[in-house]
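target39.cif (mmCIF, C-alpha atoms)
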data_query
#
loop_
_atom_site.label_atom_id
_atom_site.label_comp_id
_atom_site.auth_asym_id
_atom_site.auth_seq_id
_atom_site.Cartn_x
_atom_site.Cartn_y
_atom_site.Cartn_z
CA MET A 5 -7.22 12.02 31.90
CA ARG A 6 -5.47 11.12 28.67
CA THR A 7 -6.88 12.37 25.45
CA ARG A 8 -8.37 9.77 23.18
CA PRO A 9 -6.91 9.71 19.70
CA ASP A 10 -9.18 10.59 16.81
CA LEU A 11 -10.00 7.59 14.68
CA ILE A 12 -11.65 9.56 11.88
CA GLU A 13 -8.45 10.27 10.03
CA HIS A 14 -7.80 6.53 9.74
CA LEU A 15 -11.24 5.80 8.30
CA PRO A 16 -10.41 6.33 4.60
CA ARG A 17 -7.44 3.93 4.70
CA LEU A 18 -9.27 1.31 6.74
CA ARG A 19 -12.05 1.45 4.17
CA ARG A 20 -9.63 1.14 1.26
CA TYR A 21 -7.96 -1.91 2.77
CA ALA A 22 -11.26 -3.56 3.73
CA ARG A 23 -12.67 -2.94 0.26
CA ALA A 24 -9.73 -4.60 -1.43
CA LEU A 25 -9.66 -7.40 1.13
CA THR A 26 -13.32 -8.38 0.89
CA GLY A 27 -14.08 -7.19 -2.64
CA ASP A 28 -17.48 -6.04 -1.43
CA VAL A 29 -18.62 -2.57 -0.36
CA THR A 30 -21.07 -3.68 2.32
CA ARG A 31 -18.92 -6.41 3.76
CA ALA A 32 -15.97 -4.03 3.82
CA ASP A 33 -17.79 -1.29 5.68
CA ASP A 34 -19.19 -3.84 8.14
CA LEU A 35 -15.63 -4.94 8.80
CA VAL A 36 -14.57 -1.33 9.32
CA GLN A 37 -17.47 -0.75 11.68
CA ASP A 38 -16.58 -3.85 13.73
CA THR A 39 -12.98 -2.67 13.82
CA LEU A 40 -13.94 0.77 15.11
CA GLU A 41 -16.20 -0.70 17.77
CA ARG A 42 -13.47 -2.97 18.96
CA ALA A 43 -10.97 -0.12 18.86
CA LEU A 44 -13.16 2.10 21.04
CA ALA A 45 -13.70 -0.74 23.47
CA LYS A 46 -9.98 -1.50 23.70
CA LEU A 47 -8.54 1.96 23.28
CA ASP A 48 -7.12 1.87 26.79
CA LEU A 49 -4.89 -1.00 25.68
CA TRP A 50 -3.35 1.03 22.90
CA GLN A 51 0.04 2.50 23.87
CA PRO A 52 0.03 6.25 23.21
CA GLY A 53 2.93 7.09 20.97
CA SER A 54 2.85 3.73 19.21
CA ASP A 55 1.51 3.40 15.70
CA LEU A 56 -2.26 3.78 15.94
CA ARG A 57 -2.72 2.88 12.28
CA ALA A 58 -0.89 -0.44 12.64
CA TRP A 59 -2.89 -1.17 15.78
CA LEU A 60 -6.19 -0.55 13.96
CA PHE A 61 -5.12 -2.75 11.06
CA THR A 62 -4.19 -5.47 13.57
CA LEU A 63 -7.69 -5.34 15.02
CA MET A 64 -9.14 -5.53 11.52
CA HIS A 65 -6.91 -8.47 10.65
CA ASN A 66 -8.08 -10.40 13.73
CA LEU A 67 -11.73 -9.74 12.91
CA PHE A 68 -11.20 -10.75 9.30
CA VAL A 69 -9.54 -14.00 10.29
CA ASN A 70 -12.44 -14.81 12.61
CA GLN A 71 -14.90 -14.11 9.82
CA ILE A 72 -13.09 -16.47 7.51
CA ARG A 73 -13.22 -19.21 10.10
CA VAL A 74 -16.98 -18.83 10.36
CA ARG A 75 -17.37 -18.64 6.60
CA ARG A 76 -15.10 -21.54 5.86
CA PRO A 77 -17.68 -23.60 3.94
CA GLN A 78 -18.13 -20.74 1.47
CA GLU A 79 -14.43 -20.20 1.10
CA THR A 80 -13.92 -23.72 -0.18
CA VAL A 81 -16.15 -22.70 -3.06
CA MET A 82 -13.71 -19.85 -3.64
CA GLU A 83 -10.85 -22.31 -3.86
CA ASP A 84 -12.75 -24.22 -6.51
CA ALA A 85 -12.83 -21.04 -8.52
CA LEU A 86 -9.18 -21.71 -9.23
CA ASP A 87 -10.28 -24.40 -11.60
CA GLU A 88 -12.09 -21.84 -13.70
CA PRO A 89 -10.49 -21.14 -17.01
CA VAL A 90 -8.49 -17.96 -17.19
CA SER A 91 -8.78 -16.23 -20.50
CA GLY A 92 -5.53 -15.59 -22.27
CA GLY A 93 -4.36 -12.50 -24.05
CA GLN A 94 -4.48 -10.22 -21.02
CA MET A 95 -1.05 -8.86 -21.57
CA GLU A 96 -2.43 -5.42 -22.28
CA ALA A 97 -3.23 -2.94 -19.57
CA LEU A 98 -4.77 -4.55 -16.53
CA ASP A 99 -8.08 -3.00 -15.72
CA ALA A 100 -9.67 -2.86 -12.31
CA ARG A 101 -11.85 -5.86 -13.10
CA ASP A 102 -8.82 -8.08 -13.64
CA ILE A 103 -7.30 -6.98 -10.37
CA HIS A 104 -10.53 -7.58 -8.45
CA ALA A 105 -10.93 -11.04 -9.91
CA ALA A 106 -7.31 -11.98 -9.33
CA LEU A 107 -7.37 -10.75 -5.73
CA ALA A 108 -10.50 -12.77 -5.02
CA LYS A 109 -8.68 -15.91 -6.11
CA LEU A 110 -5.74 -15.39 -3.80
CA PRO A 111 -5.79 -17.25 -0.50
CA GLU A 112 -6.72 -14.74 2.20
CA GLU A 113 -3.37 -14.83 3.98
CA GLN A 114 -1.58 -14.00 0.74
CA ARG A 115 -4.13 -11.34 -0.16
CA GLU A 116 -3.59 -9.64 3.19
CA VAL A 117 0.18 -9.40 2.80
CA LEU A 118 -0.05 -8.23 -0.80
CA LEU A 119 -2.50 -5.46 0.15
CA LEU A 120 -0.72 -4.36 3.32
CA VAL A 121 2.56 -4.00 1.45
CA GLY A 122 1.46 -3.18 -2.09
CA LEU A 123 -1.54 -0.96 -1.42
CA GLU A 124 -1.30 0.28 2.15
CA GLN A 125 2.47 0.73 1.99
CA PHE A 126 3.24 -0.92 5.30
CA GLY A 127 6.87 -1.85 5.80
CA TYR A 128 7.65 -5.54 6.24
CA ALA A 129 8.19 -5.06 9.97
CA GLU A 130 4.80 -3.40 10.29
CA ALA A 131 3.15 -6.19 8.31
CA VAL A 132 4.75 -8.65 10.75
CA GLN A 133 3.20 -6.71 13.60
CA VAL A 134 -0.26 -6.49 12.00
CA LEU A 135 -0.42 -10.14 10.99
CA GLY A 136 1.33 -11.59 14.02
CA VAL A 137 3.53 -13.95 11.98
CA PRO A 138 7.33 -14.10 11.56
CA THR A 139 9.14 -12.05 8.91
CA GLY A 140 9.95 -15.16 6.91
CA THR A 141 6.26 -16.01 6.67
CA VAL A 142 5.38 -12.49 5.54
CA MET A 143 8.06 -12.63 2.86
CA SER A 144 7.09 -16.04 1.56
CA ARG A 145 3.41 -15.10 1.44
CA LEU A 146 4.28 -11.89 -0.38
CA SER A 147 6.39 -13.81 -2.84
CA ARG A 148 3.70 -16.41 -3.50
CA ALA A 149 1.00 -13.75 -3.78
CA ARG A 150 2.95 -11.74 -6.33
CA GLU A 151 3.86 -14.75 -8.43
CA ARG A 152 0.30 -16.00 -8.36
CA MET A 153 -1.07 -12.59 -9.31
CA ARG A 154 1.49 -12.41 -12.05
CA ALA A 155 0.41 -15.74 -13.48
CA MET A 156 -3.28 -14.86 -13.26
CA LEU A 157 -2.92 -11.40 -14.72
CA ALA A 158 -0.76 -12.68 -17.54
CA GLY A 159 -3.27 -15.39 -18.30
CA GLU A 160 -0.76 -18.09 -17.56
CA PRO A 161 -2.14 -21.18 -15.93
CA THR A 162 -0.79 -21.63 -12.40
CA ILE A 163 -2.53 -24.63 -11.01
CA LYS A 164 -4.44 -27.27 -12.93
CA LEU A 165 -6.40 -24.90 -15.11
CA LYS A 166 -8.87 -26.46 -17.46
CA LEU A 167 -8.07 -26.07 -21.10
CA VAL A 168 -10.35 -23.89 -23.10
CA ILE A 169 -10.73 -25.03 -26.64
CA MET B 8 28.51 -8.30 -6.96
CA THR B 9 26.94 -10.57 -4.38
CA ASP B 10 23.91 -12.59 -5.40
CA VAL B 11 20.58 -10.93 -4.99
CA HIS B 12 18.05 -12.77 -2.87
CA GLU B 13 14.39 -13.04 -3.71
CA HIS B 14 13.39 -10.95 -0.69
CA GLU B 15 15.68 -8.19 -1.92
CA LEU B 16 13.83 -8.11 -5.21
CA HIS B 17 10.63 -7.50 -3.26
CA ALA B 18 12.32 -4.88 -1.10
CA TYR B 19 13.48 -3.21 -4.32
CA VAL B 20 9.89 -3.03 -5.61
CA ASP B 21 8.66 -1.75 -2.26
CA GLY B 22 11.36 0.89 -2.03
CA SER B 23 12.81 -0.40 1.22
CA LEU B 24 16.40 -1.12 0.20
CA PRO B 25 19.27 1.07 1.36
CA GLU B 26 20.49 3.23 -1.51
CA ALA B 27 23.79 1.39 -2.01
CA ARG B 28 22.09 -1.98 -2.20
CA ARG B 29 19.37 -0.58 -4.43
CA LEU B 30 21.98 0.34 -7.00
CA GLU B 31 23.49 -3.14 -6.81
CA VAL B 32 20.09 -4.72 -7.33
CA GLU B 33 19.51 -2.44 -10.28
CA ALA B 34 22.78 -3.64 -11.81
CA TRP B 35 21.76 -7.23 -11.13
CA LEU B 36 18.44 -6.68 -12.88
CA ALA B 37 20.17 -5.26 -15.92
CA ALA B 38 22.04 -8.55 -16.22
CA HIS B 39 19.14 -10.87 -15.32
CA PRO B 40 16.17 -10.23 -17.62
CA ASP B 41 13.96 -12.88 -15.97
CA ASP B 42 14.26 -11.21 -12.60
CA ALA B 43 13.79 -7.83 -14.24
CA ALA B 44 10.53 -8.99 -15.81
CA ARG B 45 9.24 -10.26 -12.47
CA VAL B 46 10.16 -7.07 -10.70
CA GLN B 47 8.46 -5.03 -13.39
CA ASP B 48 5.28 -7.08 -13.09
CA TRP B 49 5.25 -6.79 -9.31
CA ALA B 50 5.60 -3.04 -9.54
CA ALA B 51 2.76 -2.99 -12.07
CA GLN B 52 0.64 -4.92 -9.57
CA ASN B 53 1.20 -2.21 -6.97
CA GLN B 54 0.18 0.40 -9.53
CA SER B 55 -2.93 -1.57 -10.46
CA LEU B 56 -3.93 -1.92 -6.82
CA HIS B 57 -3.72 1.83 -6.37
CA ALA B 58 -5.62 2.45 -9.60
CA ALA B 59 -8.36 0.09 -8.46
CA PHE B 60 -8.76 1.17 -4.84
CA ASP B 61 -7.39 4.67 -4.23
CA SER B 62 -10.74 6.19 -5.11
CA VAL B 63 -12.09 4.73 -1.86
CA LEU B 64 -9.97 7.28 0.03
CA ASN B 65 -11.98 10.11 -1.42
CA GLU B 66 -15.44 8.61 -1.05
CA PRO B 67 -17.93 10.31 1.24
CA LEU B 68 -17.62 8.69 4.65
CA PRO B 69 -20.71 6.73 5.64
CA LEU B 70 -22.43 8.33 8.60
CA ASN B 71 -22.60 5.10 10.59
CA LEU B 72 -18.83 4.76 10.40
CA VAL B 73 -18.26 8.34 11.45
CA ARG B 74 -20.55 7.70 14.38
CA ALA B 75 -18.61 4.54 15.20
CA THR B 76 -15.40 6.53 15.65
CA ARG B 77 -17.04 8.73 18.24
CA ARG B 78 -19.31 6.68 20.41
CA PRO B 79 -19.78 8.86 23.47
CA ALA B 80 -18.62 7.29 26.69
CA LEU B 81 -21.75 8.36 28.53
CA PRO B 82 -25.27 8.52 27.20
CA MET B 83 -26.10 12.03 26.08
CA PRO B 84 -29.51 13.59 25.74
CA PHE B 85 -30.81 13.03 22.24
CA LYS B 86 -30.49 16.67 21.24
CA ALA B 87 -26.87 16.82 22.22
CA VAL B 88 -26.16 13.66 20.25
CA ALA B 89 -27.93 15.04 17.21
CA ALA B 90 -26.00 18.31 17.47
CA THR B 91 -22.72 16.46 17.77
CA LEU B 92 -23.54 14.40 14.72
CA ALA B 93 -24.55 17.44 12.72
CA MET B 94 -21.22 19.02 13.56
CA LEU B 95 -19.30 15.90 12.65
CA VAL B 96 -21.15 15.46 9.42
CA THR B 97 -20.78 18.99 8.16
CA GLY B 98 -17.18 18.95 9.22
CA LEU B 99 -16.17 15.88 7.35
CA ILE B 100 -13.89 15.67 4.44
CA GLY B 101 -15.63 13.99 1.62
CA TYR B 102 -19.02 14.17 3.20
CA ALA B 103 -20.39 15.41 -0.05
CA VAL B 104 -23.35 17.59 -0.86
CA GLY B 105 -26.87 17.10 0.19
CA LEU B 106 -26.49 17.78 3.85
CA ASN B 107 -26.98 21.40 4.63
CA ALA B 108 -26.98 22.76 8.09
CA PRO B 109 -28.49 26.20 7.61
CA GLU B 110 -28.99 26.65 11.32
CA LEU B 111 -25.25 26.72 11.84
CA ALA B 112 -23.66 30.11 12.06
CA PRO B 113 -20.74 31.02 9.78
CA ALA B 114 -18.27 31.06 12.64
CA PRO B 115 -18.29 27.30 13.23
CA GLN B 116 -18.02 26.81 9.47
CA GLN B 117 -14.63 28.43 9.61
CA ALA B 118 -13.62 26.02 12.31
CA TYR B 119 -14.83 23.19 10.05
CA LEU B 120 -12.52 24.51 7.39
CA ALA B 121 -9.60 23.93 9.74
CA ARG B 122 -10.85 20.54 10.79
CA ASP B 123 -11.53 19.33 7.24
CA ALA B 124 -8.16 20.58 6.08
CA ALA B 125 -6.43 18.78 8.95
CA ILE B 126 -8.21 15.51 8.17
CA ALA B 127 -7.39 15.79 4.47
CA HIS B 128 -3.78 16.46 5.44
CA ALA B 129 -3.68 13.45 7.74
CA VAL B 130 -5.21 11.19 5.11
CA PHE B 131 -3.07 12.08 2.12
CA SER B 132 0.26 13.40 3.34
CA PRO B 133 1.57 9.99 4.56
CA GLU B 134 0.92 8.34 1.18
CA THR B 135 4.29 7.53 -0.32
CA ARG B 136 3.30 6.30 -3.74
CA HIS B 137 0.29 8.42 -4.60
CA PRO B 138 0.22 11.43 -2.35
CA VAL B 139 -1.14 13.49 -5.24
CA GLU B 140 -3.33 12.84 -8.26
CA VAL B 141 -1.39 15.11 -10.57
CA ASP B 142 2.26 15.77 -9.90
CA ALA B 143 4.16 19.01 -10.07
CA ALA B 144 5.73 18.06 -13.40
CA HIS B 145 2.34 18.94 -14.85
CA ALA B 146 1.84 21.99 -12.67
CA GLU B 147 0.09 24.05 -15.35
CA HIS B 148 -2.37 21.33 -16.10
CA LEU B 149 -2.86 20.72 -12.38
CA VAL B 150 -3.70 24.33 -11.61
CA ALA B 151 -5.98 24.66 -14.65
CA TRP B 152 -7.80 21.45 -13.80
CA LEU B 153 -8.33 22.28 -10.13
CA SER B 154 -9.32 25.87 -11.00
CA LYS B 155 -11.99 24.61 -13.33
CA ARG B 156 -13.39 22.16 -10.81
CA VAL B 157 -13.30 24.45 -7.82
CA GLY B 158 -14.65 27.36 -9.84
CA THR B 159 -12.06 30.05 -9.41
CA GLN B 160 -8.64 30.84 -10.78
CA LEU B 161 -6.39 29.08 -8.31
CA GLN B 162 -2.71 29.56 -7.83
CA ALA B 163 -0.27 27.20 -6.16
CA PRO B 164 1.88 29.43 -3.95
CA ASP B 165 5.65 29.20 -4.29
CA PHE B 166 7.33 28.09 -1.07
CA SER B 167 10.80 27.53 -2.52
CA VAL B 168 12.22 30.31 -0.33
CA GLN B 169 10.95 28.41 2.69
CA GLY B 170 12.43 25.18 1.34
CA PHE B 171 9.21 23.49 0.24
CA ASP B 172 8.62 22.36 -3.34
CA LEU B 173 5.28 21.66 -4.93
CA LEU B 174 4.66 17.93 -5.08
CA GLY B 175 1.30 18.14 -6.84
CA GLY B 176 -2.35 18.25 -5.98
CA ARG B 177 -5.61 16.44 -5.85
CA LEU B 178 -9.31 17.10 -6.04
CA LEU B 179 -11.46 16.28 -3.01
CA THR B 180 -15.12 16.63 -2.26
CA GLY B 181 -16.30 18.77 0.62
CA GLU B 182 -19.52 20.09 2.05
CA THR B 183 -19.37 23.23 -0.09
CA GLY B 184 -18.39 21.42 -3.28
CA PRO B 185 -15.07 20.53 -4.84
CA VAL B 186 -11.90 21.13 -2.86
CA ALA B 187 -8.38 21.58 -4.15
CA GLN B 188 -5.47 20.25 -2.15
CA PHE B 189 -1.92 21.25 -3.03
CA MET B 190 0.90 19.32 -1.40
CA TYR B 191 4.45 20.52 -0.77
CA GLN B 192 7.50 18.73 0.51
CA ASP B 193 10.86 19.86 1.85
CA LYS B 194 14.29 18.25 1.59
CA ILE B 195 13.67 15.96 4.55
CA GLU B 196 10.29 14.93 3.16
CA ARG B 197 8.13 16.83 5.58
CA ARG B 198 4.87 17.73 3.93
CA VAL B 199 2.43 20.55 4.15
CA THR B 200 -0.89 20.88 2.33
CA LEU B 201 -2.93 23.86 1.19
CA TYR B 202 -6.66 23.23 1.17
CA VAL B 203 -8.87 25.57 -0.88
CA ARG B 204 -12.63 25.49 -1.12
CA ARG B 205 -15.59 27.76 -1.61
CA ALA B 206 -16.50 29.47 1.63
CA VAL B 207 -20.00 29.45 3.02
CA ALA B 208 -22.02 32.42 1.77
CA GLY B 209 -22.03 35.36 4.12
CA ASN B 210 -18.44 35.03 5.15
CA THR B 211 -16.39 38.14 5.09
CA ALA B 212 -12.67 38.29 4.70
CA THR B 213 -10.89 37.21 7.84
CA ARG B 214 -7.45 37.41 9.21
CA PHE B 215 -5.45 34.34 10.06
CA HIS B 216 -6.79 31.87 12.53
CA HIS B 217 -4.79 29.09 14.04
CA ALA B 218 -6.08 25.73 15.15
CA THR B 219 -4.50 22.47 16.23
CA GLU B 220 -6.39 19.39 15.15
CA ASN B 221 -4.94 16.10 16.37
CA GLY B 222 -1.43 17.44 16.32
CA VAL B 223 -1.77 19.07 12.91
CA ASP B 224 -1.23 22.84 12.90
CA VAL B 225 -3.65 24.67 10.64
CA PHE B 226 -3.57 28.31 9.64
CA TYR B 227 -6.70 29.34 7.80
CA TRP B 228 -8.31 32.42 6.38
CA ILE B 229 -11.17 33.49 4.16
CA ASP B 230 -10.52 35.64 1.12
CA GLY B 231 -13.53 36.61 -0.93
CA ASP B 232 -15.61 33.54 -1.67
CA PHE B 233 -12.91 31.09 -0.78
CA GLY B 234 -11.48 29.56 2.34
CA TYR B 235 -7.80 28.62 2.52
CA ALA B 236 -6.13 26.39 5.09
CA LEU B 237 -2.49 25.44 5.34
CA SER B 238 -1.79 22.31 7.39
CA GLY B 239 1.33 20.58 8.57
CA GLN B 240 3.24 19.09 11.45
CA ILE B 241 6.39 21.11 11.16
CA GLY B 242 5.93 23.34 14.20
CA ARG B 243 3.58 26.25 14.59
CA GLN B 244 6.12 28.90 13.68
CA ALA B 245 7.24 27.22 10.48
CA ILE B 246 3.71 26.64 9.28
CA GLN B 247 2.84 30.24 10.08
CA GLN B 248 5.71 31.47 7.92
CA LEU B 249 4.40 29.39 5.05
CA ALA B 250 0.87 30.64 5.64
CA ASP B 251 2.14 34.23 5.60
CA ALA B 252 3.89 33.58 2.31
CA ALA B 253 0.80 31.94 0.82
CA TYR B 254 -1.43 34.75 1.98
CA ARG B 255 0.90 37.41 0.53
CA GLN B 256 1.15 35.65 -2.81
CA LEU B 257 -2.50 34.74 -3.18
CA VAL B 258 -3.95 38.04 -2.06
CA THR B 259 -1.46 39.99 -4.16
CA ALA B 260 -2.37 37.81 -7.11
CA SER B 261 -6.08 38.32 -6.70
CA ALA B 262 -5.61 42.09 -6.28
CA THR B 263 -3.68 42.34 -9.55
CA PRO B 264 -6.00 42.66 -12.54
#

Take the structure in the file and write it out as structure tokens.
Amino acid sequence: MRTRPDLIEHLPRLRRYARALTGDVTRADDLVQDTLERALAKLDLWQPGSDLRAWLFTLMHNLFVNQIRVRRPQETVMEDALDEPVSGGQMEALDARDIHAALAKLPEEQREVLLLVGLEQFGYAEAVQVLGVPTGTVMSRLSRARERMRAMLAGEPTIKLKLVI
Amino acid sequence: MTDVHEHELHAYVDGSLPEARRLEVEAWLAAHPDDAARVQDWAAQNQSLHAAFDSVLNEPLPLNLVRATRRPALPMPFKAVAATLAMLVTGLIGYAVGLNAPELAPAPQQAYLARDAAIAHAVFSPETRHPVEVDAAHAEHLVAWLSKRVGTQLQAPDFSVQGFDLLGGRLLTGETGPVAQFMYQDKIERRVTLYVRRAVAGNTATRFHHATENGVDVFYWIDGDFGYALSGQIGRQAIQQLADAAYRQLVTASATP
């Protein structure tokens, strides 16, 4: 009988990613819990010797994408948030609040790439594996995410921002 | 110099360019201030993400999630389940205060020391950007800070003879209070960690014990009120040599007035 890998050591990183992805403690831990349940159910499909962490993140990605599909009506509200005015003068140190707000305004597929690469330190090839899209797509999403974050964090209007008088 | 592509600017920020190309990109950036500004902002984004979310790594793990990693394949009698959970809980890194298990004998606690140290090693040693909270450049401050939090005069052993340099350290929470973790790295970037925390009352000094937890070799011992565990995946013999060195240095240090 093969030994089952221990998932505990991956818990802290799965929680970090889920927290940044959802921006919500409860929703994040629910996502982690669903991921673990799915992982235990499918553990026999995991190839021993392959990257368990990438495999777990792949499961989480699939669950997250399904959640978004279900939640789609709410997400359109999120898109509207882009019309909200962004206050200027944020050139000074970015605090955690700015980052949270900016992340929430990124489209999910851009947010995922930015977090996998920028926070979780996955290589591009691993991000390709986790997200199941071609390298070119990963790179263009990363590029758009970073430019959009840059504009938001610098207080520069990206898309049709309303003027604040 | 060949033109630098956008994706290479990202690869530069993410540290995934070959060294030769990295130098070329650096030269390019020196001559192209717009690109340099973008690259700088992207790197700042990475830093901000870590600043905002790294604390999650050190949060106490919710019990329901711990349970979810270990769903038993077959139903167990309730008592056995409860006992398993109690063991998991007391053994968890970051499962902070508030959960005492007085019925547990000291001996398993020592095994928890090995297990906790191995988990902490597995969580933090792969981090490339922020493996430590305070780096070795501020070694004095690091040792003073961790000593204060853990409640004893700590010392980061010197492994330079064995080829490992101090990378830095971080503060963790554990079942017996604050935990200090020192991290070391050798020339080929293999890492070992030393985990130090207050031992459970009633422990007496012990000799070395060895444990393997999920492929991580751990050598651990109790000295006075504190438990020490050295973890790594560099082969049992190599980690034992480091543990011997640590033991010699730390015990000698504590014996000297």

Written as an mmCIF file with C-alpha atoms, in the frame of the given file, which residues does the PyMOL selection byres ((chain A) within 8 of (chain B)) give for the file shown?
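Below is the file that was written, out.cif:
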data_model
loop_
_atom_site.group_PDB
_atom_site.id
_atom_site.type_symbol
_atom_site.label_atom_id
_atom_site.label_comp_id
_atom_site.auth_asym_id
_atom_site.auth_seq_id
_atom_site.Cartn_x
_atom_site.Cartn_y
_atom_site.Cartn_z
ATOM 1 C CA PRO A 9 -6.910 9.710 19.700
ATOM 2 C CA ASP A 10 -9.180 10.590 16.810
ATOM 3 C CA LEU A 11 -10.000 7.590 14.680
ATOM 4 C CA ILE A 12 -11.650 9.560 11.880
ATOM 5 C CA GLU A 13 -8.450 10.270 10.030
ATOM 6 C CA HIS A 14 -7.800 6.530 9.740
ATOM 7 C CA LEU A 15 -11.240 5.800 8.300
ATOM 8 C CA PRO A 16 -10.410 6.330 4.600
ATOM 9 C CA ARG A 17 -7.440 3.930 4.700
ATOM 10 C CA ARG A 19 -12.050 1.450 4.170
ATOM 11 C CA ARG A 20 -9.630 1.140 1.260
ATOM 12 C CA ARG A 23 -12.670 -2.940 0.260
ATOM 13 C CA ALA A 24 -9.730 -4.600 -1.430
ATOM 14 C CA ASP A 33 -17.790 -1.290 5.680
ATOM 15 C CA VAL A 36 -14.570 -1.330 9.320
ATOM 16 C CA GLN A 37 -17.470 -0.750 11.680
ATOM 17 C CA LEU A 40 -13.940 0.770 15.110
ATOM 18 C CA GLU A 41 -16.200 -0.700 17.770
ATOM 19 C CA LEU A 44 -13.160 2.100 21.040
ATOM 20 C CA LEU A 98 -4.770 -4.550 -16.530
ATOM 21 C CA ASP A 99 -8.080 -3.000 -15.720
ATOM 22 C CA ALA A 100 -9.670 -2.860 -12.310
ATOM 23 C CA ILE A 103 -7.300 -6.980 -10.370
ATOM 24 C CA HIS A 104 -10.530 -7.580 -8.450
ATOM 25 C CA LEU A 119 -2.500 -5.460 0.150
ATOM 26 C CA VAL A 121 2.560 -4.000 1.450
ATOM 27 C CA GLY A 122 1.460 -3.180 -2.090
ATOM 28 C CA LEU A 123 -1.540 -0.960 -1.420
ATOM 29 C CA GLN A 125 2.470 0.730 1.990
ATOM 30 C CA GLY A 127 6.870 -1.850 5.800
ATOM 31 C CA MET A 143 8.060 -12.630 2.860
ATOM 32 C CA SER A 147 6.390 -13.810 -2.840
ATOM 33 C CA ARG A 150 2.950 -11.740 -6.330
ATOM 34 C CA MET A 153 -1.070 -12.590 -9.310
ATOM 35 C CA ARG A 154 1.490 -12.410 -12.050
#

Could you state which residues are captured by the PyMOL selection byres ((chain B and resi 160-176) around 10) in this file, as a PyMOL selection string?
chain B and resi 138-147+149-159+177-179+187-203+245-246+248-250+252-257+260-261

C-alpha atoms of the current selection, written as a CSV table (one decimal), in the coordinates of the input:
chain,number,residue,atom,x,y,z
B,138,PRO,CA,0.2,11.4,-2.4
B,139,VAL,CA,-1.1,13.5,-5.2
B,140,GLU,CA,-3.3,12.8,-8.3
B,141,VAL,CA,-1.4,15.1,-10.6
B,142,ASP,CA,2.3,15.8,-9.9
B,143,ALA,CA,4.2,19.0,-10.1
B,144,ALA,CA,5.7,18.1,-13.4
B,145,HIS,CA,2.3,18.9,-14.8
B,146,ALA,CA,1.8,22.0,-12.7
B,147,GLU,CA,0.1,24.0,-15.4
B,149,LEU,CA,-2.9,20.7,-12.4
B,150,VAL,CA,-3.7,24.3,-11.6
B,151,ALA,CA,-6.0,24.7,-14.6
B,152,TRP,CA,-7.8,21.4,-13.8
B,153,LEU,CA,-8.3,22.3,-10.1
B,154,SER,CA,-9.3,25.9,-11.0
B,155,LYS,CA,-12.0,24.6,-13.3
B,156,ARG,CA,-13.4,22.2,-10.8
B,157,VAL,CA,-13.3,24.4,-7.8
B,158,GLY,CA,-14.6,27.4,-9.8
B,159,THR,CA,-12.1,30.0,-9.4
B,177,ARG,CA,-5.6,16.4,-5.8
B,178,LEU,CA,-9.3,17.1,-6.0
B,179,LEU,CA,-11.5,16.3,-3.0
B,187,ALA,CA,-8.4,21.6,-4.2
B,188,GLN,CA,-5.5,20.2,-2.2
B,189,PHE,CA,-1.9,21.2,-3.0
B,190,MET,CA,0.9,19.3,-1.4
B,191,TYR,CA,4.4,20.5,-0.8
B,192,GLN,CA,7.5,18.7,0.5
B,193,ASP,CA,10.9,19.9,1.8
B,194,LYS,CA,14.3,18.2,1.6
B,195,ILE,CA,13.7,16.0,4.6
B,196,GLU,CA,10.3,14.9,3.2
B,197,ARG,CA,8.1,16.8,5.6
B,198,ARG,CA,4.9,17.7,3.9
B,199,VAL,CA,2.4,20.6,4.2
B,200,THR,CA,-0.9,20.9,2.3
B,201,LEU,CA,-2.9,23.9,1.2
B,202,TYR,CA,-6.7,23.2,1.2
B,203,VAL,CA,-8.9,25.6,-0.9
B,245,ALA,CA,7.2,27.2,10.5
B,246,ILE,CA,3.7,26.6,9.3
B,248,GLN,CA,5.7,31.5,7.9
B,249,LEU,CA,4.4,29.4,5.0
B,250,ALA,CA,0.9,30.6,5.6
B,252,ALA,CA,3.9,33.6,2.3
B,253,ALA,CA,0.8,31.9,0.8
B,254,TYR,CA,-1.4,34.8,2.0
B,255,ARG,CA,0.9,37.4,0.5
B,256,GLN,CA,1.2,35.6,-2.8
B,257,LEU,CA,-2.5,34.7,-3.2
B,260,ALA,CA,-2.4,37.8,-7.1
B,261,SER,CA,-6.1,38.3,-6.7

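Among the candidate residues A:Arg73, A:Arg101, A:Lys109, A:Arg31, the one lying nearest to Met156 in chain A is A:Lys109, with distances computed using all atoms listed in the file.
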
Computed interatomic separation between CA of Ala45 in chain A and CA of Arg115 in chain A (Å):
27.6 Å

Any chance you could work out the residue set of the PyMOL selection byres ((chain A and resi 117) around 10) here, as a PyMOL selection string?
chain A and resi 112-116+118-124+126+128+131-132+134-135+141-147+149-150

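Between CA of His137 in chain B and CA of Glu26 in chain B lies a distance of 21.1 Å.
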
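If you count only C-alpha atoms and ignore residues fewer than 6 places along the chain from Leu63 in chain A, what sits within 8 Å of it is Thr39, Arg42 and Ala43 of chain A.
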
Do a neighbour search on Ala206 in chain B at 9 Å with all atoms listed in the file, toss out local chain neighbours closer than 5 positions, and write the hits as a PyMOL selection string.
chain B and resi 116-117+120+183+229-235

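Take CA of Val29 in chain A and CA of Val137 in chain A: the distance between them is 27.8 Å.
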
Coordinates of range 103-110 of chain A, C-alpha atoms, as a tab-separated table (two decimals), in the first residue's frame:
chain	number	residue	atom	x	y	z
A	103	ILE	CA	-3.60	46.16	-2.00
A	104	HIS	CA	-6.80	44.46	-0.86
A	105	ALA	CA	-8.96	46.97	-2.67
A	106	ALA	CA	-6.90	46.85	-5.84
A	107	LEU	CA	-6.88	43.04	-5.90
A	108	ALA	CA	-10.65	42.95	-5.51
A	109	LYS	CA	-11.00	45.08	-8.62
A	110	LEU	CA	-8.88	42.81	-10.78
